[in-house]
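This report concerns only the one structure given below.
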Amino acid sequence: MRMYDIICKKRDGFSLTSQEIQFFIDGVTNKTIPDYQTSSLLMAIVLKGMNKEETAALTLAMMKSGDIIDLSQIEGIKVDKHSTGGVGDKTSLVLGPLVASFGVKVAKMSGRGLGHTGGTLDKLEAIPGTKIEIERDAFIKQVNEIGCAIIGQSGHLGPADKKLYALRDVTGTVESIPLIASSIMSKKLASGSDTILLDVKFGSGAFMKTLEDAKKLAEAMVAIGKSLKRDTRAILTDMDQPLGLAVGNALEVKEAIATLKGEGPSDLTTLCLEASAIMLEQAGVVKNAKDAYPALEAKIKSGEALLKLVEMIKAQGGDETYITNPEKFVKSAHVFEVLATSAGYVQHIDSLAIGIASMKLGGGRETYEDVIDMSAGIVLNKKVGDQVQIGDRLALVYTNKSDDVSRPILVDVHDAFTYSKTKFEVKPIIHAYIK
Ligand code: URA
């Protein structure tokens with residue numbers, strides 16, 4: 001088999017066989033295919049696409065290129081959730097403990113934030129002492145004993161995807177549904193859980209800008225999961241404004257704690273309850289997701305859901321008194337108010353602009369080497385649909401940066417809000433459910 005022939009075949013619009021796809025991924029993993037040929041095939045895939053069978057074969061080959069995590073020593077059904085990335089997305093910190101409080105196992109591997117999106121691992125590290133690198137045996141023991149653990153991805157998960165993603169990033173070949181779907185699913189499938197719930201975000205702060213594209217991506221990923229006999233479902237959720245009110249690591253952990261106490265913002269609470277209900281259906285705890293709501297609310301009311309987070313943090317070496325007393329979280333030196341200069345009903349809050357502003361305040365990284373300021377970020381006072389008068393507070397901005405650095409960022413936060421003169425109906429956070 002020759003890589004040259006495979007490139008020409010895809011260039012001419014033909015489907016590749018699973019043997020050809022395996023040859024390609026083996027060559028990427030073993031570094032026997034030069035980057036220029038890999039990039040050329042990636043571009044041909046962007047332009048000509050891949051059918052369901054090719055996408056499934058690509059996913060399988062990438063999944064097998066590295067470690068496949070064996071969770072068989074964990075008793076019971078292991079559920080997992082993956083978000084395609086957003087601004088203010090702290091759902092894993094709520095869902096993990098909430099679902100685990102039912103005895104369902106959550107053995108989760110998460111990532112770090114980059115650019116305008118945050119990462120669950122960074123949020124966990126805002127809780128002093130919390131370890132996200134845990135030996136396999138300790139990880140399994142923790143999930144068996146407590147029900148949940150959230151750790152960093154194994155260094156050897158999907159090496160072919162790592163190589164391909166780095167090349168796609170610099171060759172204009174990120175935007176392809178089969179490439180994105182196989183990249184995400186190869187890692188999720190290798191992580192070993194029995195069920196997967198995908199939270200596919202769309203809107204200004206998301207990877208997919210439109211509902212239509214998000215739907216295509218979600219359908220492709222669900223089809224891959226199904227073809228590999230893994231219970232995979234997806235929800236399509238709105239990222240046309242940040243999720244919840246808080247953006248920034250310690251601020252988001254505090255909001256997750258409030259949500260586990262039943263005191264969280266309504267969009268985040270709705271998303272967490274609906275996603276947890278689906279995960280409980282996947283685990284067989286309820287027959288139908290909608291039957292789970294009373295029990296979910298009871299777990300929050302009784303404090304059992306919050307207690308699971310306390311147990312998880314303690315088990316991972318963190319100081320759990322931050323969960324029971326969130327006032328302990330480190331505070332930034334400066335807090336600035338952003339005030340409205342227009343009146344109306346908030347129509348849109350540009351999540352991308354808010355995510356970038358939070359990053360510039362110190363709350364995120366521009367490159368993997370940057371060090372995060374856990375206290376920095378933004379807390380919104382207004383959300384889409386809220387009425388605003390001139391002079392109302394739109395947001396509080398937390399930072400340790402100087403006034404000179406902060407002032408232009410305050411303007412960016414102000415300008416992220418746009419208004420409608422008339423009242424309108426706010427769309428629900430979840431737009432569709434695919435299974
Ligand atoms: N996230 C991934 O892991 N892969 C992609 O291709 C895009 C987003």
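Note on naming: chains are A, B, ... as they come in the structure tokens, residues start from 1 per chain, ligands start from 1 in the order shown.
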Site check for ligand 1: residues at most 12 Å away, only C-alpha atoms and all ligand atoms, as a ChimeraX atom specification: /A:42,46,59,62,82-86,110-114,117,153,157-169,172-188,198,200-201,206-208,217,221
Dump as a Markdown table the rows for residues of region 205-256 of chain A within 12 Å of region 387-395 of chain A: closest atom pair and distance in Å with one decimal, only C-alpha atoms counted, ordered by chain and rising residue number.
```
| residue | atom | partner | partner_atom | distance |
| --- | --- | --- | --- | --- |
| A:Leu245 | CA | A:Ala395 | CA | 8.9 |
| A:Ala246 | CA | A:Ala395 | CA | 9.6 |
| A:Val247 | CA | A:Ala395 | CA | 10.8 |
```
Just to confirm, what's the straight-line distance from CA of Ala223 (chain A) to CA of Ser18 (chain A) in Å (one decimal)?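 CA of Ser18 (chain A) lies 16.6 Å from CA of Ala223 (chain A).
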Work out how far CA of Leu236 (chain A) is from CA of Ala432 (chain A), in Å to one decimal. 5.2 Å
Could you pull out all residues of region 202-403 of chain A with a DSSP call of strand (DSSP E or B) and give them as a VMD selection string? chain A and resid 202 208 231 to 238 246 to 247 334 to 339 344 to 349 377 to 380 387 to 388 393 to 399
Please, could you write that set of residues out with N, CA, C and O atoms as a short mmCIF file (atom, residue, chain, number, x, y, z; two decimals), in the first residue's frame?
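Below you can see again-v2.cif, which holds the result:
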```cif
data_model
loop_
_atom_site.label_atom_id
_atom_site.label_comp_id
_atom_site.auth_asym_id
_atom_site.auth_seq_id
_atom_site.Cartn_x
_atom_site.Cartn_y
_atom_site.Cartn_z
N PHE A 202 -23.05 25.11 20.68
CA PHE A 202 -23.03 25.94 19.47
C PHE A 202 -23.25 27.39 19.86
O PHE A 202 -23.84 27.70 20.89
N MET A 208 -18.52 24.96 17.13
CA MET A 208 -19.54 24.97 16.07
C MET A 208 -20.36 26.25 16.25
O MET A 208 -20.92 26.46 17.32
N ASP A 231 -23.12 2.95 24.32
CA ASP A 231 -24.33 3.79 24.47
C ASP A 231 -23.90 5.26 24.42
O ASP A 231 -23.29 5.77 25.37
N THR A 232 -24.17 5.91 23.30
CA THR A 232 -23.72 7.30 23.10
C THR A 232 -24.91 8.17 22.74
O THR A 232 -25.70 7.82 21.85
N ARG A 233 -25.06 9.27 23.44
CA ARG A 233 -26.15 10.21 23.17
C ARG A 233 -25.58 11.62 23.18
O ARG A 233 -24.46 11.83 23.65
N ALA A 234 -26.35 12.56 22.68
CA ALA A 234 -25.84 13.94 22.64
C ALA A 234 -26.95 14.93 22.94
O ALA A 234 -28.12 14.70 22.61
N ILE A 235 -26.55 16.04 23.56
CA ILE A 235 -27.45 17.18 23.69
C ILE A 235 -26.79 18.35 22.97
O ILE A 235 -25.56 18.46 22.94
N LEU A 236 -27.62 19.20 22.38
CA LEU A 236 -27.10 20.39 21.70
C LEU A 236 -27.41 21.58 22.58
O LEU A 236 -28.60 21.85 22.86
N THR A 237 -26.39 22.28 23.06
CA THR A 237 -26.65 23.35 24.03
C THR A 237 -26.09 24.70 23.58
O THR A 237 -25.08 24.76 22.87
N ASP A 238 -26.77 25.72 24.03
CA ASP A 238 -26.53 27.09 23.61
C ASP A 238 -25.27 27.69 24.25
O ASP A 238 -25.16 27.72 25.47
N ALA A 246 -20.59 32.77 36.29
CA ALA A 246 -19.16 32.89 36.59
C ALA A 246 -18.29 32.35 35.47
O ALA A 246 -18.58 31.29 34.90
N VAL A 247 -17.22 33.09 35.16
CA VAL A 247 -16.19 32.65 34.20
C VAL A 247 -14.84 32.88 34.87
O VAL A 247 -14.56 34.01 35.29
N HIS A 334 -8.11 43.29 42.82
CA HIS A 334 -9.02 44.33 42.30
C HIS A 334 -10.35 43.71 41.88
O HIS A 334 -10.40 42.63 41.30
N VAL A 335 -11.43 44.46 42.13
CA VAL A 335 -12.76 44.09 41.61
C VAL A 335 -13.33 45.34 40.95
O VAL A 335 -13.46 46.38 41.59
N PHE A 336 -13.58 45.24 39.65
CA PHE A 336 -14.11 46.39 38.89
C PHE A 336 -15.57 46.13 38.53
O PHE A 336 -15.94 44.99 38.20
N GLU A 337 -16.35 47.20 38.52
CA GLU A 337 -17.75 47.09 38.07
C GLU A 337 -17.83 47.48 36.61
O GLU A 337 -17.20 48.45 36.19
N VAL A 338 -18.63 46.75 35.84
CA VAL A 338 -18.91 47.16 34.45
C VAL A 338 -20.37 47.58 34.42
O VAL A 338 -21.26 46.78 34.75
N LEU A 339 -20.62 48.84 34.04
CA LEU A 339 -21.98 49.39 34.08
C LEU A 339 -22.55 49.55 32.67
O LEU A 339 -21.81 49.82 31.72
N GLY A 344 -32.41 48.37 27.62
CA GLY A 344 -33.11 47.41 26.76
C GLY A 344 -33.13 46.04 27.40
O GLY A 344 -32.95 45.91 28.62
N TYR A 345 -33.33 45.03 26.58
CA TYR A 345 -33.31 43.64 27.06
C TYR A 345 -32.07 42.99 26.46
O TYR A 345 -31.84 43.10 25.25
N VAL A 346 -31.26 42.34 27.31
CA VAL A 346 -30.02 41.73 26.80
C VAL A 346 -30.39 40.68 25.75
O VAL A 346 -31.17 39.77 26.01
N GLN A 347 -29.82 40.88 24.53
CA GLN A 347 -30.16 39.97 23.43
C GLN A 347 -29.10 38.88 23.27
O GLN A 347 -29.38 37.75 22.94
N HIS A 348 -27.85 39.28 23.55
CA HIS A 348 -26.74 38.37 23.28
C HIS A 348 -25.56 38.80 24.16
O HIS A 348 -25.35 39.99 24.37
N ILE A 349 -24.83 37.83 24.70
CA ILE A 349 -23.57 38.14 25.40
C ILE A 349 -22.50 37.32 24.70
O ILE A 349 -22.52 36.08 24.77
N GLY A 377 -11.27 36.52 36.80
CA GLY A 377 -12.42 36.15 35.97
C GLY A 377 -13.52 37.19 36.02
O GLY A 377 -13.29 38.35 36.41
N ILE A 378 -14.70 36.76 35.64
CA ILE A 378 -15.83 37.68 35.47
C ILE A 378 -17.07 37.02 36.07
O ILE A 378 -17.28 35.82 35.90
N VAL A 379 -17.87 37.80 36.77
CA VAL A 379 -19.19 37.30 37.19
C VAL A 379 -20.25 38.22 36.59
O VAL A 379 -20.27 39.43 36.85
N LEU A 380 -21.10 37.63 35.76
CA LEU A 380 -22.13 38.42 35.09
C LEU A 380 -23.26 38.74 36.07
O LEU A 380 -23.59 37.93 36.93
N GLN A 387 -33.84 42.61 31.71
CA GLN A 387 -34.00 44.03 31.38
C GLN A 387 -32.85 44.82 32.02
O GLN A 387 -32.43 44.52 33.15
N VAL A 388 -32.35 45.80 31.27
CA VAL A 388 -31.21 46.60 31.75
C VAL A 388 -31.56 48.08 31.62
O VAL A 388 -32.08 48.52 30.59
N ARG A 393 -25.49 47.38 36.82
CA ARG A 393 -24.24 46.59 36.76
C ARG A 393 -24.44 45.41 35.82
O ARG A 393 -25.36 44.62 35.98
N LEU A 394 -23.52 45.32 34.83
CA LEU A 394 -23.57 44.19 33.90
C LEU A 394 -22.72 43.04 34.42
O LEU A 394 -23.06 41.87 34.23
N ALA A 395 -21.60 43.40 35.05
CA ALA A 395 -20.68 42.34 35.50
C ALA A 395 -19.70 42.89 36.53
O ALA A 395 -19.48 44.10 36.59
N LEU A 396 -19.13 41.97 37.32
CA LEU A 396 -17.99 42.31 38.18
C LEU A 396 -16.77 41.61 37.60
O LEU A 396 -16.86 40.44 37.19
N VAL A 397 -15.67 42.33 37.54
CA VAL A 397 -14.45 41.80 36.93
C VAL A 397 -13.38 41.66 38.02
O VAL A 397 -13.11 42.62 38.75
N TYR A 398 -12.83 40.46 38.15
CA TYR A 398 -11.84 40.16 39.21
C TYR A 398 -10.47 39.97 38.57
O TYR A 398 -10.31 39.16 37.65
N THR A 399 -9.46 40.70 39.09
CA THR A 399 -8.12 40.55 38.51
C THR A 399 -7.03 41.02 39.46
O THR A 399 -7.29 41.80 40.39
#
```
Please identify the alpha helix (DSSP H) residues within region 321-363 of chain A (assignment by DSSP from backbone atoms) and present them as a PyMOL selection string. chain A and resi 321-324+351-358
How about saving the chosen residues, all heavy atoms kept, as a PDB file, in the first residue's frame?
```
ATOM      1  N   THR A 321     -12.294  21.773  52.995  1.00  0.00           N
ATOM      2  CA  THR A 321     -12.973  22.862  53.724  1.00  0.00           C
ATOM      3  C   THR A 321     -13.298  24.028  52.774  1.00  0.00           C
ATOM      4  O   THR A 321     -14.139  24.862  53.085  1.00  0.00           O
ATOM      5  CB  THR A 321     -12.131  23.367  54.917  1.00  0.00           C
ATOM      6  OG1 THR A 321     -10.901  23.893  54.406  1.00  0.00           O
ATOM      7  CG2 THR A 321     -11.856  22.254  55.915  1.00  0.00           C
ATOM      8  N   TYR A 322     -12.632  24.054  51.598  1.00  0.00           N
ATOM      9  CA  TYR A 322     -12.994  25.078  50.597  1.00  0.00           C
ATOM     10  C   TYR A 322     -14.387  24.809  50.022  1.00  0.00           C
ATOM     11  O   TYR A 322     -15.063  25.715  49.577  1.00  0.00           O
ATOM     12  CB  TYR A 322     -11.971  25.118  49.452  1.00  0.00           C
ATOM     13  CG  TYR A 322     -10.723  25.904  49.794  1.00  0.00           C
ATOM     14  CD1 TYR A 322      -9.805  25.404  50.715  1.00  0.00           C
ATOM     15  CD2 TYR A 322     -10.474  27.141  49.208  1.00  0.00           C
ATOM     16  CE1 TYR A 322      -8.675  26.113  51.047  1.00  0.00           C
ATOM     17  CE2 TYR A 322      -9.337  27.867  49.528  1.00  0.00           C
ATOM     18  CZ  TYR A 322      -8.437  27.347  50.458  1.00  0.00           C
ATOM     19  OH  TYR A 322      -7.320  28.064  50.779  1.00  0.00           O
ATOM     20  N   ILE A 323     -14.784  23.538  50.016  1.00  0.00           N
ATOM     21  CA  ILE A 323     -16.112  23.196  49.478  1.00  0.00           C
ATOM     22  C   ILE A 323     -17.176  23.546  50.525  1.00  0.00           C
ATOM     23  O   ILE A 323     -18.232  24.073  50.188  1.00  0.00           O
ATOM     24  CB  ILE A 323     -16.198  21.679  49.120  1.00  0.00           C
ATOM     25  CG1 ILE A 323     -15.004  21.251  48.256  1.00  0.00           C
ATOM     26  CG2 ILE A 323     -17.526  21.352  48.432  1.00  0.00           C
ATOM     27  CD1 ILE A 323     -14.874  21.937  46.932  1.00  0.00           C
ATOM     28  N   THR A 324     -16.857  23.251  51.773  1.00  0.00           N
ATOM     29  CA  THR A 324     -17.854  23.535  52.813  1.00  0.00           C
ATOM     30  C   THR A 324     -17.863  25.022  53.172  1.00  0.00           C
ATOM     31  O   THR A 324     -18.855  25.536  53.664  1.00  0.00           O
ATOM     32  CB  THR A 324     -17.578  22.675  54.066  1.00  0.00           C
ATOM     33  OG1 THR A 324     -16.167  22.715  54.333  1.00  0.00           O
ATOM     34  CG2 THR A 324     -17.985  21.232  53.828  1.00  0.00           C
ATOM     35  N   SER A 351     -19.934  35.163  24.038  1.00  0.00           N
ATOM     36  CA  SER A 351     -19.152  34.272  24.912  1.00  0.00           C
ATOM     37  C   SER A 351     -17.677  34.295  24.550  1.00  0.00           C
ATOM     38  O   SER A 351     -16.818  34.209  25.434  1.00  0.00           O
ATOM     39  CB  SER A 351     -19.601  32.823  24.781  1.00  0.00           C
ATOM     40  OG  SER A 351     -20.947  32.707  24.798  1.00  0.00           O
ATOM     41  N   LEU A 352     -17.401  34.391  23.253  1.00  0.00           N
ATOM     42  CA  LEU A 352     -15.997  34.407  22.829  1.00  0.00           C
ATOM     43  C   LEU A 352     -15.298  35.624  23.451  1.00  0.00           C
ATOM     44  O   LEU A 352     -14.210  35.505  24.024  1.00  0.00           O
ATOM     45  CB  LEU A 352     -15.938  34.459  21.293  1.00  0.00           C
ATOM     46  CG  LEU A 352     -14.570  34.517  20.667  1.00  0.00           C
ATOM     47  CD1 LEU A 352     -13.761  33.281  21.024  1.00  0.00           C
ATOM     48  CD2 LEU A 352     -14.671  34.630  19.140  1.00  0.00           C
ATOM     49  N   ALA A 353     -15.964  36.797  23.384  1.00  0.00           N
ATOM     50  CA  ALA A 353     -15.372  38.025  23.938  1.00  0.00           C
ATOM     51  C   ALA A 353     -15.195  37.895  25.449  1.00  0.00           C
ATOM     52  O   ALA A 353     -14.157  38.295  26.002  1.00  0.00           O
ATOM     53  CB  ALA A 353     -16.253  39.228  23.602  1.00  0.00           C
ATOM     54  N   ILE A 354     -16.175  37.292  26.134  1.00  0.00           N
ATOM     55  CA  ILE A 354     -16.074  37.147  27.598  1.00  0.00           C
ATOM     56  C   ILE A 354     -14.955  36.147  27.934  1.00  0.00           C
ATOM     57  O   ILE A 354     -14.171  36.361  28.859  1.00  0.00           O
ATOM     58  CB  ILE A 354     -17.425  36.673  28.203  1.00  0.00           C
ATOM     59  CG1 ILE A 354     -18.507  37.737  27.972  1.00  0.00           C
ATOM     60  CG2 ILE A 354     -17.285  36.307  29.681  1.00  0.00           C
ATOM     61  CD1 ILE A 354     -18.402  38.983  28.812  1.00  0.00           C
ATOM     62  N   GLY A 355     -14.864  35.076  27.164  1.00  0.00           N
ATOM     63  CA  GLY A 355     -13.819  34.073  27.405  1.00  0.00           C
ATOM     64  C   GLY A 355     -12.432  34.675  27.207  1.00  0.00           C
ATOM     65  O   GLY A 355     -11.521  34.434  28.002  1.00  0.00           O
ATOM     66  N   ILE A 356     -12.281  35.475  26.160  1.00  0.00           N
ATOM     67  CA  ILE A 356     -10.973  36.102  25.903  1.00  0.00           C
ATOM     68  C   ILE A 356     -10.670  37.128  27.000  1.00  0.00           C
ATOM     69  O   ILE A 356      -9.541  37.216  27.499  1.00  0.00           O
ATOM     70  CB  ILE A 356     -10.932  36.730  24.494  1.00  0.00           C
ATOM     71  CG1 ILE A 356     -10.979  35.610  23.436  1.00  0.00           C
ATOM     72  CG2 ILE A 356      -9.687  37.603  24.302  1.00  0.00           C
ATOM     73  CD1 ILE A 356     -11.088  36.081  22.009  1.00  0.00           C
ATOM     74  N   ALA A 357     -11.694  37.882  27.420  1.00  0.00           N
ATOM     75  CA  ALA A 357     -11.484  38.880  28.483  1.00  0.00           C
ATOM     76  C   ALA A 357     -11.020  38.184  29.764  1.00  0.00           C
ATOM     77  O   ALA A 357     -10.067  38.626  30.419  1.00  0.00           O
ATOM     78  CB  ALA A 357     -12.781  39.659  28.729  1.00  0.00           C
ATOM     79  N   SER A 358     -11.655  37.063  30.102  1.00  0.00           N
ATOM     80  CA  SER A 358     -11.273  36.335  31.316  1.00  0.00           C
ATOM     81  C   SER A 358      -9.819  35.842  31.208  1.00  0.00           C
ATOM     82  O   SER A 358      -9.048  35.929  32.171  1.00  0.00           O
ATOM     83  CB  SER A 358     -12.226  35.158  31.526  1.00  0.00           C
ATOM     84  OG  SER A 358     -11.780  34.365  32.586  1.00  0.00           O
TER      85      SER A 358
END
```
Near Ala190 (chain A), within 9 Å and counting only C-alpha atoms, which residues show up once chain neighbours fewer than 5 positions away are dropped, as a count of residues only? 10
For Ala333 (chain A), please output as a PyMOL selection string all residues within 10 Å (counting only C-alpha atoms; exclusion window: fewer than 2 positions along the same chain). chain A and resi 330-331+335+375-376+398-402
Export of prior selection with N, CA, C and O atoms as a PDB file, in the first residue's frame:
```pdb
ATOM      1  N   VAL A 330      -9.225  32.117  47.297  1.00  0.00           N
ATOM      2  CA  VAL A 330      -8.371  33.295  47.171  1.00  0.00           C
ATOM      3  C   VAL A 330      -9.120  34.393  46.386  1.00  0.00           C
ATOM      4  O   VAL A 330      -9.832  34.109  45.424  1.00  0.00           O
ATOM      5  N   LYS A 331      -8.958  35.634  46.867  1.00  0.00           N
ATOM      6  CA  LYS A 331      -9.660  36.750  46.196  1.00  0.00           C
ATOM      7  C   LYS A 331      -8.641  37.594  45.435  1.00  0.00           C
ATOM      8  O   LYS A 331      -7.492  37.725  45.854  1.00  0.00           O
ATOM      9  N   VAL A 335     -11.425  44.460  42.132  1.00  0.00           N
ATOM     10  CA  VAL A 335     -12.755  44.089  41.614  1.00  0.00           C
ATOM     11  C   VAL A 335     -13.325  45.337  40.947  1.00  0.00           C
ATOM     12  O   VAL A 335     -13.461  46.382  41.587  1.00  0.00           O
ATOM     13  N   SER A 375      -7.831  33.284  40.873  1.00  0.00           N
ATOM     14  CA  SER A 375      -8.856  34.208  41.392  1.00  0.00           C
ATOM     15  C   SER A 375      -9.476  35.070  40.295  1.00  0.00           C
ATOM     16  O   SER A 375     -10.506  35.709  40.512  1.00  0.00           O
ATOM     17  N   ALA A 376      -8.849  35.122  39.123  1.00  0.00           N
ATOM     18  CA  ALA A 376      -9.279  36.073  38.085  1.00  0.00           C
ATOM     19  C   ALA A 376     -10.498  35.578  37.323  1.00  0.00           C
ATOM     20  O   ALA A 376     -10.715  34.375  37.187  1.00  0.00           O
ATOM     21  N   TYR A 398     -12.829  40.464  38.151  1.00  0.00           N
ATOM     22  CA  TYR A 398     -11.843  40.157  39.207  1.00  0.00           C
ATOM     23  C   TYR A 398     -10.469  39.971  38.570  1.00  0.00           C
ATOM     24  O   TYR A 398     -10.311  39.157  37.654  1.00  0.00           O
ATOM     25  N   THR A 399      -9.462  40.697  39.090  1.00  0.00           N
ATOM     26  CA  THR A 399      -8.123  40.552  38.509  1.00  0.00           C
ATOM     27  C   THR A 399      -7.026  41.020  39.459  1.00  0.00           C
ATOM     28  O   THR A 399      -7.295  41.798  40.386  1.00  0.00           O
ATOM     29  N   ASN A 400      -5.829  40.537  39.206  1.00  0.00           N
ATOM     30  CA  ASN A 400      -4.652  41.061  39.904  1.00  0.00           C
ATOM     31  C   ASN A 400      -3.810  41.898  38.951  1.00  0.00           C
ATOM     32  O   ASN A 400      -2.702  42.313  39.306  1.00  0.00           O
ATOM     33  N   LYS A 401      -4.312  42.131  37.727  1.00  0.00           N
ATOM     34  CA  LYS A 401      -3.561  42.929  36.739  1.00  0.00           C
ATOM     35  C   LYS A 401      -3.682  44.408  37.111  1.00  0.00           C
ATOM     36  O   LYS A 401      -4.630  44.819  37.797  1.00  0.00           O
ATOM     37  N   SER A 402      -2.762  45.179  36.559  1.00  0.00           N
ATOM     38  CA  SER A 402      -2.770  46.618  36.857  1.00  0.00           C
ATOM     39  C   SER A 402      -3.983  47.292  36.199  1.00  0.00           C
ATOM     40  O   SER A 402      -4.615  46.732  35.306  1.00  0.00           O
TER      41      SER A 402
END
```
Leu121 (chain A) surroundings by only C-alpha atoms, 12 Å radius, close-in-sequence under 4 positions cut, as a compact mmCIF listing (two decimals) with C-alpha atoms, in the first residue's frame:
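Output (selection.txt):
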```
# COMPACT_ATOMS: atom_id res chain seq x y z
CA LYS A 90 -18.35 23.96 35.00
CA SER A 92 -18.47 18.28 35.15
CA LEU A 93 -17.94 19.53 38.71
CA LYS A 108 -13.64 10.85 34.32
CA MET A 109 -10.64 12.09 32.40
CA SER A 110 -10.70 15.79 31.65
CA GLY A 111 -8.57 18.38 29.94
CA ARG A 112 -7.06 21.79 30.54
CA GLY A 113 -8.31 25.07 29.15
CA LEU A 114 -6.69 26.88 26.26
CA GLU A 125 -6.62 22.92 40.85
CA ALA A 126 -8.25 26.12 42.17
CA ILE A 127 -9.04 23.97 45.25
CA THR A 130 -6.20 18.78 44.63
CA LYS A 131 -4.20 16.27 42.59
CA ILE A 132 -5.22 15.52 39.03
CA GLU A 133 -2.46 13.03 38.30
CA ALA A 149 -12.84 10.79 40.32
CA ILE A 150 -11.81 13.45 37.82
CA ILE A 151 -8.22 13.23 36.64
CA GLY A 152 -5.99 14.24 33.69
CA GLN A 153 -5.83 12.16 30.54
CA ASN A 249 -11.47 29.10 37.82
CA ALA A 250 -12.16 29.75 41.54
CA VAL A 253 -15.87 26.28 41.42
CA ILE A 372 -3.31 30.74 35.53
CA MET A 374 -7.11 31.15 39.94
```
Using only C-alpha atoms, which residue out of A:Leu260, A:Ala214, A:Ala56, A:Cys148 lies closest to Glu304 (chain A)?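 Using only C-alpha atoms, the shortest distance to Glu304 (chain A) belongs to A:Leu260.
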For a quick check of understanding, using only C-alpha atoms, which of A:Met239, A:Val99, A:Val143, A:Leu228 has the smallest distance to Val286 (chain A)?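 Result for the nearest residue to Val286 (chain A): A:Val99.
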Point-to-point distance from CA of Ala315 (chain A) to CA of Ala107 (chain A), Å rounded to tenths: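 Interatomic distance here is 13.5 Å.
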I'd like to know which of A:Gly284, A:Gly49, A:Gly244, A:Gly118 is closest to Pro265 (chain A), using only C-alpha atoms. A:Gly244
Give me the residues near Pro128 (chain A) as a PDB file with N, CA, C and O atoms, in the first residue's frame, where near means some atom within 9 Å (using only C-alpha atoms) and where sequence neighbours in that chain fewer than 5 positions away do not count.
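This went into around12.pdb:
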```pdb
ATOM      1  N   GLY A 317      -6.665  14.583  47.592  1.00  0.00           N
ATOM      2  CA  GLY A 317      -5.654  15.349  48.329  1.00  0.00           C
ATOM      3  C   GLY A 317      -5.991  16.818  48.520  1.00  0.00           C
ATOM      4  O   GLY A 317      -5.186  17.588  49.041  1.00  0.00           O
ATOM      5  N   GLY A 318      -7.177  17.226  48.089  1.00  0.00           N
ATOM      6  CA  GLY A 318      -7.542  18.645  48.175  1.00  0.00           C
ATOM      7  C   GLY A 318      -8.072  19.014  49.554  1.00  0.00           C
ATOM      8  O   GLY A 318      -8.442  18.145  50.350  1.00  0.00           O
ATOM      9  N   ASP A 319      -8.089  20.310  49.826  1.00  0.00           N
ATOM     10  CA  ASP A 319      -8.605  20.824  51.097  1.00  0.00           C
ATOM     11  C   ASP A 319     -10.118  20.985  50.973  1.00  0.00           C
ATOM     12  O   ASP A 319     -10.617  21.955  50.392  1.00  0.00           O
ATOM     13  N   GLU A 320     -10.838  20.009  51.537  1.00  0.00           N
ATOM     14  CA  GLU A 320     -12.296  19.978  51.332  1.00  0.00           C
ATOM     15  C   GLU A 320     -13.022  21.095  52.080  1.00  0.00           C
ATOM     16  O   GLU A 320     -14.193  21.357  51.818  1.00  0.00           O
ATOM     17  N   TYR A 322     -12.632  24.054  51.598  1.00  0.00           N
ATOM     18  CA  TYR A 322     -12.994  25.078  50.597  1.00  0.00           C
ATOM     19  C   TYR A 322     -14.387  24.809  50.022  1.00  0.00           C
ATOM     20  O   TYR A 322     -15.063  25.715  49.577  1.00  0.00           O
ATOM     21  N   PHE A 329     -11.859  30.734  49.245  1.00  0.00           N
ATOM     22  CA  PHE A 329     -11.147  30.846  47.957  1.00  0.00           C
ATOM     23  C   PHE A 329     -10.421  32.176  47.861  1.00  0.00           C
ATOM     24  O   PHE A 329     -10.948  33.217  48.276  1.00  0.00           O
TER      25      PHE A 329
END
```
Who sits within 12 Å of Leu71 (chain A), only C-alpha atoms, same chain under 5 positions skipped, as a PyMOL selection string: chain A and resi 76-79+105-108+136-137+139-141+143-144+189-194
Suppose we keep C-alpha atoms; can you now write the selection as a PDB file, in the first residue's frame?
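Written file, out02.pdb:
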```
ATOM      1  CA  GLY A  76     -21.149  -1.289  37.985  1.00  0.00           C
ATOM      2  CA  ILE A  77     -21.844   0.938  35.010  1.00  0.00           C
ATOM      3  CA  LYS A  78     -19.347   3.703  34.315  1.00  0.00           C
ATOM      4  CA  VAL A  79     -20.875   6.834  32.787  1.00  0.00           C
ATOM      5  CA  LYS A 105     -19.640   5.305  38.746  1.00  0.00           C
ATOM      6  CA  VAL A 106     -17.973   8.351  37.201  1.00  0.00           C
ATOM      7  CA  ALA A 107     -14.337   7.682  36.206  1.00  0.00           C
ATOM      8  CA  LYS A 108     -13.644  10.854  34.322  1.00  0.00           C
ATOM      9  CA  ARG A 136      -4.227   3.910  37.824  1.00  0.00           C
ATOM     10  CA  ASP A 137      -4.759   1.653  40.887  1.00  0.00           C
ATOM     11  CA  PHE A 139      -7.910   5.995  40.546  1.00  0.00           C
ATOM     12  CA  ILE A 140      -9.813   2.684  40.348  1.00  0.00           C
ATOM     13  CA  LYS A 141      -9.868   2.382  44.152  1.00  0.00           C
ATOM     14  CA  VAL A 143     -14.039   5.322  42.006  1.00  0.00           C
ATOM     15  CA  ASN A 144     -14.947   2.002  43.660  1.00  0.00           C
ATOM     16  CA  LEU A 189     -13.886   5.529  23.620  1.00  0.00           C
ATOM     17  CA  ALA A 190     -10.308   4.885  24.775  1.00  0.00           C
ATOM     18  CA  SER A 191     -11.193   6.334  28.199  1.00  0.00           C
ATOM     19  CA  GLY A 192     -13.154   3.175  28.901  1.00  0.00           C
ATOM     20  CA  SER A 193     -16.597   4.209  30.223  1.00  0.00           C
ATOM     21  CA  ASP A 194     -19.696   2.208  29.288  1.00  0.00           C
TER      22      ASP A 194
END
```
